[in-house]
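Have a look at data18.csv below; it lists CSV, C-alpha atoms.
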```csv
chain,number,residue,atom,x,y,z
A,1,MET,CA,0.0,0.0,0.0
A,2,ALA,CA,2.9,2.4,0.7
A,3,ASP,CA,4.6,4.3,-2.1
A,4,ASP,CA,7.7,6.4,-2.2
A,5,ALA,CA,6.1,9.2,-0.2
A,6,ALA,CA,6.6,9.7,3.5
A,7,GLU,CA,4.4,7.9,5.9
A,8,PRO,CA,1.4,10.0,7.1
A,9,THR,CA,2.2,11.8,10.4
A,10,VAL,CA,-1.4,12.3,11.5
A,11,PRO,CA,-1.7,11.0,15.1
A,12,ASP,CA,-4.2,8.5,16.4
A,13,PRO,CA,-7.4,10.4,17.7
A,14,ARG,CA,-6.4,9.7,21.3
A,15,LEU,CA,-3.0,11.3,20.7
A,16,ASN,CA,-4.1,14.3,18.5
A,17,PRO,CA,-4.4,17.7,20.2
A,18,TYR,CA,-5.2,19.4,16.8
A,19,PHE,CA,-8.7,19.8,15.5
A,20,MET,CA,-10.3,21.7,12.6
A,21,GLY,CA,-13.7,22.2,11.0
A,22,HIS,CA,-16.3,21.3,13.6
A,23,GLU,CA,-16.5,24.3,15.8
A,24,ALA,CA,-20.3,24.2,15.9
A,25,ALA,CA,-20.3,20.7,17.5
A,26,GLU,CA,-17.7,21.9,20.1
A,27,ARG,CA,-19.9,24.9,20.9
A,28,ALA,CA,-23.0,22.7,21.4
A,29,TYR,CA,-21.1,20.5,23.9
A,30,LEU,CA,-19.6,23.4,25.8
A,31,GLY,CA,-23.0,25.1,25.8
A,32,ALA,CA,-24.5,22.1,27.4
A,33,TRP,CA,-21.8,22.2,30.1
A,34,ASN,CA,-22.3,25.8,30.8
A,35,ALA,CA,-26.1,25.4,31.1
A,36,GLY,CA,-25.7,22.4,33.4
A,37,ARG,CA,-27.6,20.1,30.9
A,38,VAL,CA,-24.8,17.9,29.6
A,39,ALA,CA,-26.3,14.7,28.1
A,40,HIS,CA,-25.1,11.4,29.5
A,41,ALA,CA,-24.6,10.0,25.9
A,42,TRP,CA,-23.4,11.7,22.7
A,43,LEU,CA,-23.7,10.2,19.2
A,44,ILE,CA,-21.1,11.7,16.9
A,45,CYS,CA,-22.0,11.0,13.3
A,46,GLY,CA,-20.5,11.7,9.9
A,47,LEU,CA,-18.3,10.3,7.1
A,48,ARG,CA,-15.2,8.3,7.9
A,49,GLY,CA,-12.1,10.4,8.4
A,50,ILE,CA,-13.6,13.8,9.1
A,51,GLY,CA,-12.6,14.0,12.8
A,52,LYS,CA,-15.4,12.3,14.7
A,53,ALA,CA,-13.1,10.2,17.0
A,54,THR,CA,-10.8,13.2,17.5
A,55,LEU,CA,-13.8,15.2,18.7
A,56,ALA,CA,-15.0,12.4,21.0
A,57,TYR,CA,-11.6,12.3,22.7
A,58,ARG,CA,-11.6,16.1,23.1
A,59,MET,CA,-15.0,15.9,24.7
A,60,ALA,CA,-13.9,13.1,27.0
A,61,ARG,CA,-10.7,14.9,28.0
A,62,TYR,CA,-12.7,18.1,28.8
A,63,ALA,CA,-15.1,16.2,31.0
A,64,LEU,CA,-12.3,14.4,32.9
A,65,ALA,CA,-10.5,17.7,33.5
A,66,GLN,CA,-13.6,19.1,35.3
A,67,ASN,CA,-14.3,18.7,39.0
A,68,GLY,CA,-17.6,17.1,38.6
A,69,THR,CA,-19.6,20.3,38.0
A,70,ALA,CA,-20.4,22.4,35.0
A,71,ASP,CA,-19.4,26.0,34.6
A,72,MET,CA,-22.4,28.0,35.9
A,73,PHE,CA,-20.8,31.5,35.8
A,74,GLY,CA,-21.8,32.4,32.3
A,75,GLY,CA,-19.4,34.2,29.9
A,76,PRO,CA,-17.9,32.7,26.8
A,77,PRO,CA,-17.6,28.9,26.9
A,78,PRO,CA,-14.0,27.7,27.3
A,79,SER,CA,-12.3,25.8,24.5
A,80,LEU,CA,-12.0,22.0,24.3
A,81,ALA,CA,-8.4,22.4,23.3
A,82,MET,CA,-5.9,20.8,25.7
A,83,SER,CA,-2.2,20.7,25.5
A,84,ALA,CA,-0.6,17.3,24.7
A,85,GLU,CA,1.5,17.9,27.8
A,86,ASP,CA,-1.5,18.2,30.1
A,87,PRO,CA,-1.6,15.2,32.6
A,88,VAL,CA,-5.2,14.3,31.7
A,89,PHE,CA,-4.3,14.3,28.0
A,90,ARG,CA,-1.2,12.2,28.6
A,91,ARG,CA,-2.9,9.6,30.8
A,92,ILE,CA,-5.8,9.1,28.3
A,93,ALA,CA,-3.3,8.8,25.5
A,94,SER,CA,-1.4,6.1,27.3
A,95,GLY,CA,-4.5,4.3,28.5
A,96,GLY,CA,-3.6,5.1,32.1
A,97,HIS,CA,-6.5,7.2,33.2
A,98,ALA,CA,-8.6,5.4,35.8
A,99,ASP,CA,-11.8,7.1,34.8
A,100,PHE,CA,-11.5,6.6,31.1
A,101,ARG,CA,-12.0,3.6,28.8
A,102,ALA,CA,-11.9,3.2,25.0
A,103,ILE,CA,-13.9,0.5,23.1
A,104,GLU,CA,-12.6,-0.4,19.7
A,105,ARG,CA,-12.6,-3.5,17.4
A,106,PRO,CA,-10.1,-5.9,19.0
A,107,TRP,CA,-6.9,-7.0,17.2
A,108,SER,CA,-7.3,-10.2,15.2
A,109,ASP,CA,-3.6,-11.2,15.5
A,110,ALA,CA,-0.9,-11.2,18.2
A,111,LYS,CA,1.3,-8.8,16.3
A,112,MET,CA,-1.6,-6.2,16.2
A,113,THR,CA,-1.4,-5.7,12.5
A,114,LYS,CA,-5.1,-6.1,11.7
A,115,ARG,CA,-8.4,-5.6,13.6
A,116,LYS,CA,-11.5,-7.8,13.7
A,117,THR,CA,-14.4,-6.7,11.6
A,118,VAL,CA,-16.8,-6.1,14.5
A,119,ILE,CA,-16.9,-5.0,18.2
A,120,GLY,CA,-18.1,-8.0,20.1
A,121,VAL,CA,-20.0,-8.3,23.4
A,122,ASP,CA,-16.8,-9.1,25.3
A,123,GLU,CA,-15.5,-5.6,24.5
A,124,VAL,CA,-18.8,-3.9,25.6
A,125,ARG,CA,-19.9,-6.1,28.5
A,126,GLY,CA,-17.9,-4.3,31.2
A,127,ILE,CA,-19.0,-0.8,30.3
A,128,GLY,CA,-22.0,-0.7,32.7
A,129,GLY,CA,-19.9,-1.8,35.7
A,130,PHE,CA,-17.1,0.6,34.9
A,131,MET,CA,-19.4,3.6,34.5
A,132,SER,CA,-21.3,2.8,37.7
A,133,MET,CA,-18.2,3.0,39.8
A,134,THR,CA,-17.4,6.1,41.8
A,135,PRO,CA,-15.0,8.2,39.7
A,136,ALA,CA,-11.5,7.6,41.0
A,137,GLU,CA,-10.6,11.3,40.7
A,138,GLY,CA,-13.9,12.7,42.1
A,139,GLY,CA,-15.2,14.0,38.8
A,140,TRP,CA,-16.6,12.0,35.9
A,141,ARG,CA,-16.1,8.7,34.1
A,142,ALA,CA,-16.0,8.6,30.3
A,143,VAL,CA,-16.1,5.9,27.6
A,144,VAL,CA,-15.5,6.4,23.9
A,145,VAL,CA,-16.8,3.7,21.5
A,146,ASP,CA,-15.1,3.9,18.1
A,147,ALA,CA,-17.1,3.0,16.2
A,148,ALA,CA,-20.5,2.2,17.6
A,149,ASP,CA,-22.0,1.0,14.3
A,150,GLU,CA,-19.3,-1.7,14.2
A,151,MET,CA,-20.9,-3.5,17.2
A,152,ASN,CA,-22.5,-6.8,16.6
A,153,THR,CA,-26.1,-7.5,17.8
A,154,ASN,CA,-25.1,-8.8,21.2
A,155,ALA,CA,-22.7,-5.9,21.8
A,156,ALA,CA,-25.4,-3.4,20.8
A,157,ASN,CA,-27.9,-5.0,23.2
A,158,ALA,CA,-25.3,-4.8,26.0
A,159,LEU,CA,-24.7,-1.1,25.3
A,160,LEU,CA,-28.4,-0.5,25.3
A,161,LYS,CA,-28.8,-1.8,28.8
A,162,VAL,CA,-26.3,0.9,29.9
A,163,LEU,CA,-28.2,3.6,28.1
A,164,GLU,CA,-31.5,2.5,29.6
A,165,GLU,CA,-30.2,3.2,33.1
A,166,PRO,CA,-27.4,5.7,32.7
A,167,PRO,CA,-25.1,6.0,35.7
A,168,LYS,CA,-24.5,9.3,37.3
A,169,GLN,CA,-21.4,11.3,36.6
A,170,ALA,CA,-20.6,9.1,33.6
A,171,LEU,CA,-20.5,10.1,29.9
A,172,LEU,CA,-20.7,7.8,26.8
A,173,PHE,CA,-19.4,9.1,23.5
A,174,LEU,CA,-20.4,7.0,20.5
A,175,VAL,CA,-18.7,7.5,17.1
A,176,ALA,CA,-20.8,6.4,14.2
A,177,HIS,CA,-19.9,6.4,10.5
A,178,ASN,CA,-23.4,5.0,9.6
A,179,PRO,CA,-25.8,5.7,12.5
A,180,ASP,CA,-28.7,4.1,10.7
A,181,ARG,CA,-27.0,0.7,11.5
A,182,LEU,CA,-27.5,1.4,15.2
A,183,LEU,CA,-30.6,0.3,17.0
A,184,PRO,CA,-33.3,3.0,17.0
A,185,THR,CA,-33.4,2.7,20.8
A,186,ILE,CA,-29.7,3.5,21.1
A,187,ARG,CA,-30.0,6.5,18.8
A,188,SER,CA,-33.0,7.8,20.7
A,189,ARG,CA,-31.1,7.8,24.0
A,190,CYS,CA,-28.2,10.0,22.8
A,191,ARG,CA,-27.8,13.6,21.9
A,192,ARG,CA,-26.7,13.6,18.3
A,193,LEU,CA,-24.0,15.7,16.7
A,194,ASP,CA,-23.8,15.5,12.9
A,195,LEU,CA,-20.4,16.5,11.5
A,196,ARG,CA,-20.3,17.9,8.0
A,197,PRO,CA,-17.5,17.0,5.5
A,198,LEU,CA,-14.6,19.3,5.7
A,199,ALA,CA,-14.3,22.1,3.1
A,200,LYS,CA,-11.6,21.7,0.4
A,201,ASP,CA,-9.5,24.4,1.9
A,202,GLN,CA,-9.7,22.7,5.3
A,203,VAL,CA,-8.6,19.4,3.8
A,204,ASN,CA,-5.8,21.2,2.1
A,205,ALA,CA,-4.7,22.9,5.3
A,206,LEU,CA,-4.6,19.6,7.1
A,207,LEU,CA,-2.6,18.0,4.3
A,208,ASN,CA,-0.1,20.8,4.6
A,209,ARG,CA,0.1,20.0,8.3
A,210,TYR,CA,0.4,16.2,8.0
A,211,ARG,CA,1.9,15.7,4.6
A,212,PRO,CA,4.1,18.8,3.9
A,213,ASP,CA,6.1,16.7,1.5
A,214,LEU,CA,3.4,16.6,-1.1
A,215,ASP,CA,3.5,19.2,-3.9
A,216,SER,CA,0.6,21.7,-4.3
A,217,GLY,CA,-0.8,19.9,-7.3
A,218,ALA,CA,-1.1,16.6,-5.4
A,219,MET,CA,-2.7,18.4,-2.5
A,220,LYS,CA,-5.2,20.1,-4.7
A,221,ALA,CA,-6.2,16.8,-6.3
A,222,LEU,CA,-6.4,15.0,-3.0
A,223,ALA,CA,-8.6,17.7,-1.5
A,224,VAL,CA,-11.1,17.0,-4.3
A,225,LEU,CA,-10.8,13.2,-4.3
A,226,ALA,CA,-11.2,13.1,-0.5
A,227,ASP,CA,-14.8,14.4,-0.5
A,228,GLY,CA,-14.3,16.3,2.7
A,229,SER,CA,-12.4,13.5,4.6
A,230,ILE,CA,-8.8,14.2,5.7
A,231,GLY,CA,-8.6,10.5,6.6
A,232,ARG,CA,-9.4,9.5,3.0
A,233,ALA,CA,-7.0,12.1,1.7
A,234,LEU,CA,-4.2,10.7,3.8
A,235,GLU,CA,-5.0,7.2,2.7
A,236,LEU,CA,-5.0,8.1,-0.9
A,237,ALA,CA,-1.7,10.0,-0.5
A,238,GLU,CA,-0.1,6.9,1.1
A,239,GLU,CA,-1.5,4.6,-1.7
A,240,GLY,CA,-0.5,6.8,-4.6
A,241,GLY,CA,-4.1,7.6,-5.3
A,242,VAL,CA,-3.5,10.6,-7.5
A,243,ALA,CA,-1.4,8.6,-10.0
A,244,LEU,CA,-3.9,5.8,-9.9
A,245,PHE,CA,-6.8,8.2,-10.6
A,246,LYS,CA,-4.9,9.6,-13.6
A,247,ASP,CA,-4.3,6.1,-14.9
A,248,LEU,CA,-8.0,5.3,-14.4
A,249,ILE,CA,-9.2,8.4,-16.3
A,250,GLY,CA,-6.7,7.7,-19.0
A,251,LEU,CA,-8.3,4.3,-19.6
A,252,LEU,CA,-11.9,5.6,-19.4
A,253,LYS,CA,-11.1,8.2,-22.0
A,254,ASP,CA,-10.7,5.3,-24.5
A,255,ALA,CA,-14.4,4.4,-24.1
A,256,PRO,CA,-16.4,2.8,-25.6
A,257,LYS,CA,-13.4,0.6,-26.6
A,258,PHE,CA,-10.7,0.3,-24.0
A,259,SER,CA,-7.1,-0.1,-24.9
A,260,GLY,CA,-6.1,-3.7,-24.1
A,261,SER,CA,-2.6,-2.6,-23.0
A,262,ARG,CA,-3.9,0.1,-20.7
A,263,LEU,CA,-6.6,-2.2,-19.3
A,264,HIS,CA,-4.1,-4.9,-18.4
A,265,ALA,CA,-1.5,-2.4,-17.1
A,266,LEU,CA,-4.1,-0.9,-14.7
A,267,SER,CA,-5.6,-4.3,-13.7
A,268,ASP,CA,-2.1,-5.7,-12.9
A,269,GLN,CA,-1.7,-3.0,-10.3
A,270,ALA,CA,-4.8,-4.3,-8.5
A,271,LEU,CA,-2.6,-7.3,-7.4
A,272,LYS,CA,-0.4,-5.0,-5.3
A,273,GLY,CA,-1.2,-4.4,-1.7
A,274,ASP,CA,-4.4,-2.5,-1.2
A,275,VAL,CA,-4.4,-1.0,-4.7
A,276,PHE,CA,-7.6,-3.0,-5.7
A,277,ARG,CA,-9.5,-1.3,-2.9
A,278,THR,CA,-8.1,2.1,-3.9
A,279,LEU,CA,-8.9,1.7,-7.6
A,280,ALA,CA,-12.4,0.3,-6.8
A,281,GLY,CA,-13.1,3.3,-4.6
A,282,LEU,CA,-11.9,5.8,-7.2
A,283,LEU,CA,-13.9,4.2,-9.9
A,284,SER,CA,-17.1,4.2,-7.7
A,285,TRP,CA,-16.4,7.8,-6.7
A,286,TRP,CA,-15.9,9.1,-10.2
A,287,LEU,CA,-19.0,7.3,-11.5
A,288,GLY,CA,-21.0,8.7,-8.7
A,289,ARG,CA,-19.7,12.2,-9.4
A,290,MET,CA,-20.5,11.9,-13.1
A,291,ILE,CA,-24.1,10.6,-12.3
A,292,ALA,CA,-24.8,13.4,-9.9
A,293,ALA,CA,-23.5,16.1,-12.3
A,294,GLY,CA,-25.5,14.6,-15.2
A,295,ALA,CA,-28.7,14.4,-13.1
A,296,LYS,CA,-28.3,18.0,-11.8
A,297,GLY,CA,-27.2,19.4,-15.2
A,298,THR,CA,-23.9,20.7,-13.7
A,299,LEU,CA,-21.4,19.1,-16.1
A,300,ASP,CA,-20.2,22.5,-17.2
A,301,THR,CA,-19.0,23.3,-13.7
A,302,LEU,CA,-17.5,19.9,-13.0
A,303,GLY,CA,-14.1,20.6,-11.5
A,304,GLU,CA,-11.4,18.6,-13.2
A,305,ILE,CA,-8.6,16.8,-11.6
A,306,VAL,CA,-7.4,15.4,-14.9
A,307,PRO,CA,-8.0,17.6,-18.0
A,308,GLY,CA,-10.8,16.2,-20.2
A,309,GLU,CA,-12.9,14.7,-17.3
A,310,ALA,CA,-15.9,16.9,-18.1
A,311,GLU,CA,-15.9,15.9,-21.8
A,312,LEU,CA,-15.5,12.2,-20.9
A,313,ALA,CA,-18.5,12.5,-18.5
A,314,ARG,CA,-20.5,14.2,-21.3
A,315,ARG,CA,-19.7,11.4,-23.8
A,316,LEU,CA,-20.6,8.7,-21.3
A,317,LEU,CA,-23.9,10.3,-20.4
A,318,ALA,CA,-24.7,10.7,-24.0
A,319,ALA,CA,-24.2,6.9,-24.4
A,320,ALA,CA,-26.5,6.0,-21.4
A,321,PRO,CA,-28.7,8.1,-19.1
A,322,PRO,CA,-27.9,8.7,-15.4
A,323,ALA,CA,-30.3,5.9,-14.3
A,324,ALA,CA,-28.4,3.3,-16.4
A,325,TRP,CA,-25.1,4.5,-15.0
A,326,ALA,CA,-26.5,4.3,-11.5
A,327,GLU,CA,-27.2,0.6,-12.1
A,328,VAL,CA,-23.6,0.2,-13.3
A,329,TRP,CA,-22.4,2.1,-10.2
A,330,ASP,CA,-24.4,-0.3,-8.0
A,331,LYS,CA,-23.0,-3.4,-9.7
A,332,VAL,CA,-19.4,-2.1,-9.5
A,333,ASN,CA,-19.8,-1.5,-5.7
A,334,ALA,CA,-21.3,-5.0,-5.3
A,335,GLN,CA,-18.4,-6.6,-7.1
A,336,ALA,CA,-15.9,-4.7,-5.0
A,337,ARG,CA,-17.6,-5.8,-1.8
A,338,ARG,CA,-17.7,-9.5,-2.9
A,339,THR,CA,-14.1,-9.4,-3.9
A,340,GLU,CA,-13.0,-8.1,-0.4
A,341,ALA,CA,-15.4,-10.4,1.5
A,342,ILE,CA,-14.5,-13.7,-0.1
A,343,ASN,CA,-11.1,-12.9,-1.5
A,344,LEU,CA,-11.8,-13.1,-5.2
A,345,ASP,CA,-9.1,-12.6,-7.8
A,346,ARG,CA,-8.6,-8.8,-7.7
A,347,LYS,CA,-7.3,-8.4,-11.2
A,348,ARG,CA,-10.2,-10.3,-12.7
A,349,SER,CA,-12.7,-8.4,-10.5
A,350,LEU,CA,-11.3,-5.0,-11.6
A,351,MET,CA,-11.4,-6.1,-15.2
A,352,LEU,CA,-15.1,-7.2,-14.8
A,353,MET,CA,-15.9,-3.8,-13.2
A,354,LEU,CA,-14.3,-1.9,-16.0
A,355,TRP,CA,-16.0,-4.2,-18.6
A,356,MET,CA,-19.4,-3.1,-17.1
A,357,VAL,CA,-18.4,0.5,-17.8
A,358,GLU,CA,-17.2,-0.3,-21.3
A,359,GLN,CA,-20.5,-2.1,-22.1
A,360,ALA,CA,-22.6,0.9,-20.8
A,361,ALA,CA,-20.4,3.3,-22.8
A,362,ALA,CA,-21.1,1.2,-25.9
A,363,GLY,CA,-24.8,1.5,-25.3
A,364,VAL,CA,-25.2,-2.2,-24.4
A,365,PRO,CA,-28.0,-2.7,-21.9
A,366,SER,CA,-26.9,-3.9,-18.4
A,367,ALA,CA,-27.2,-7.6,-17.9
A,368,ALA,CA,-29.7,-8.7,-15.2
```
For the structure just supplied, provide its representation as structure tokens.
Amino acid sequence: MADDAAEPTVPDPRLNPYFMGHEAAERAYLGAWNAGRVAHAWLICGLRGIGKATLAYRMARYALAQNGTADMFGGPPPSLAMSAEDPVFRRIASGGHADFRAIERPWSDAKMTKRKTVIGVDEVRGIGGFMSMTPAEGGWRAVVVDAADEMNTNAANALLKVLEEPPKQALLFLVAHNPDRLLPTIRSRCRRLDLRPLAKDQVNALLNRYRPDLDSGAMKALAVLADGSIGRALELAEEGGVALFKDLIGLLKDAPKFSGSRLHALSDQALKGDVFRTLAGLLSWWLGRMIAAGAKGTLDTLGEIVPGEAELARRLLAAAPPAAWAEVWDKVNAQARRTEAINLDRKRSLMLMLWMVEQAAAGVPSAA
């Protein structure tokens, strides 16, 4: 997955003192503290990689730095910012704070190189007892679940029991990429904060902070490809996503008849590391972008990462309407999911996905 670029330097959310782009959510939390109406459970929702977990840790650190009471003296609310040298910050970062616990997908191997696909009941079972204990430092207890929509059914039911009878002086912060996957009874017992995707200039500023080695052209392209997610931008930077996207668009420009040499050259890359996942994601992203622009009639204002993208989109939409391309998009995503789930041949899967595009560009009706 790595290329010749430097490794991303963005810290893990529990280690990250820096935050950008979600000031309204911070104000909502601080306002609740100042009003003495802090909710016992917070559901922090939004796309992957936009800072939800970083915000959850900021909220938890702030609570654990208090003395058990909210600020009732009015005036402007304080900031959630905390120095990385603060004792509360350092103990949470090291996992050594007696009143804090983080729940994540457990490691699937002894070397801690890969995590399991779900959070199980064993990870969640002890939350109720932990939160019901008297805070060791006389203030609050806090738990961050990252991510709550990755819990299996038994884990979700165990968490629901905690929410039904919330302990005093205890806070629960649930990160959710897809909150609709959570039980409605969990959602209804939380105060919800919906985080919006970051603006392009914010993604660019964060890339400058975390990947100053990238040139301005790559940063500009990544800020578009990331769709408001600094996490996605950093992943694409690590995986050579800009170069892969250029190769993909170069191939698509040959539609309705792809160049055999280009097709095989691109598909061969899918056998390397996580390149299949990256290419599948880029293909899905670009098709979705084209479909949306065609449906809204905004092709003339389609920002181009690669020169000629707008004309390519126009040609493809002339060959088949947005509804037909939406069907192709759906099948491309389904093939990508199957490939990852049951470890299908990645080169063959990518070629099949591209063949679906080629057929639609040639005006051939999609197969049932």
Worksheet entry | Between CA of Gly231 in chain A and CA of Thr117 in chain A - distance in Å to one decimal |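 Taking CA of Thr117 in chain A as the start and CA of Gly231 in chain A as the end point, the length is 18.8 Å.
One finds CA of Arg105 in chain A at 21.4 Å from CA of Leu234 in chain A.
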Item to complete: Report the distance between CA of Ala39 in chain A and CA of Leu80 in chain A in Å, rounded to one decimal place.
Response: 16.5 Å
Please provide the set of residues having any atom within 12 Å of Ser94 in chain A, restricted to only C-alpha atoms, with same-chain residues fewer than 6 positions apart removed, written as a PDB file with C-alpha atoms, in the coordinates of the input.
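What landed in result.pdb:
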```
ATOM      1  CA  ASP A  12      -4.200   8.500  16.400  1.00  0.00           C
ATOM      2  CA  ARG A  14      -6.400   9.700  21.300  1.00  0.00           C
ATOM      3  CA  LEU A  15      -3.000  11.300  20.700  1.00  0.00           C
ATOM      4  CA  ALA A  84      -0.600  17.300  24.700  1.00  0.00           C
ATOM      5  CA  PRO A  87      -1.600  15.200  32.600  1.00  0.00           C
ATOM      6  CA  VAL A  88      -5.200  14.300  31.700  1.00  0.00           C
ATOM      7  CA  PHE A 100     -11.500   6.600  31.100  1.00  0.00           C
ATOM      8  CA  ARG A 101     -12.000   3.600  28.800  1.00  0.00           C
ATOM      9  CA  ALA A 102     -11.900   3.200  25.000  1.00  0.00           C
TER      10      ALA A 102
END
```
Fill in: Protein, DNA and RNA residues within 10 Å of (-8.1, 12.8, 5.5), all atoms listed in the file, as a ChimeraX atom specification
/A:10,48-51,198,203-204,206-207,210,222-223,226-237
Fill in: Shortest interatomic distance to Lys296 in chain A - which of A:Ser259, A:Met351, A:Pro322, A:Val145, counting all atoms listed in the file
A:Pro322
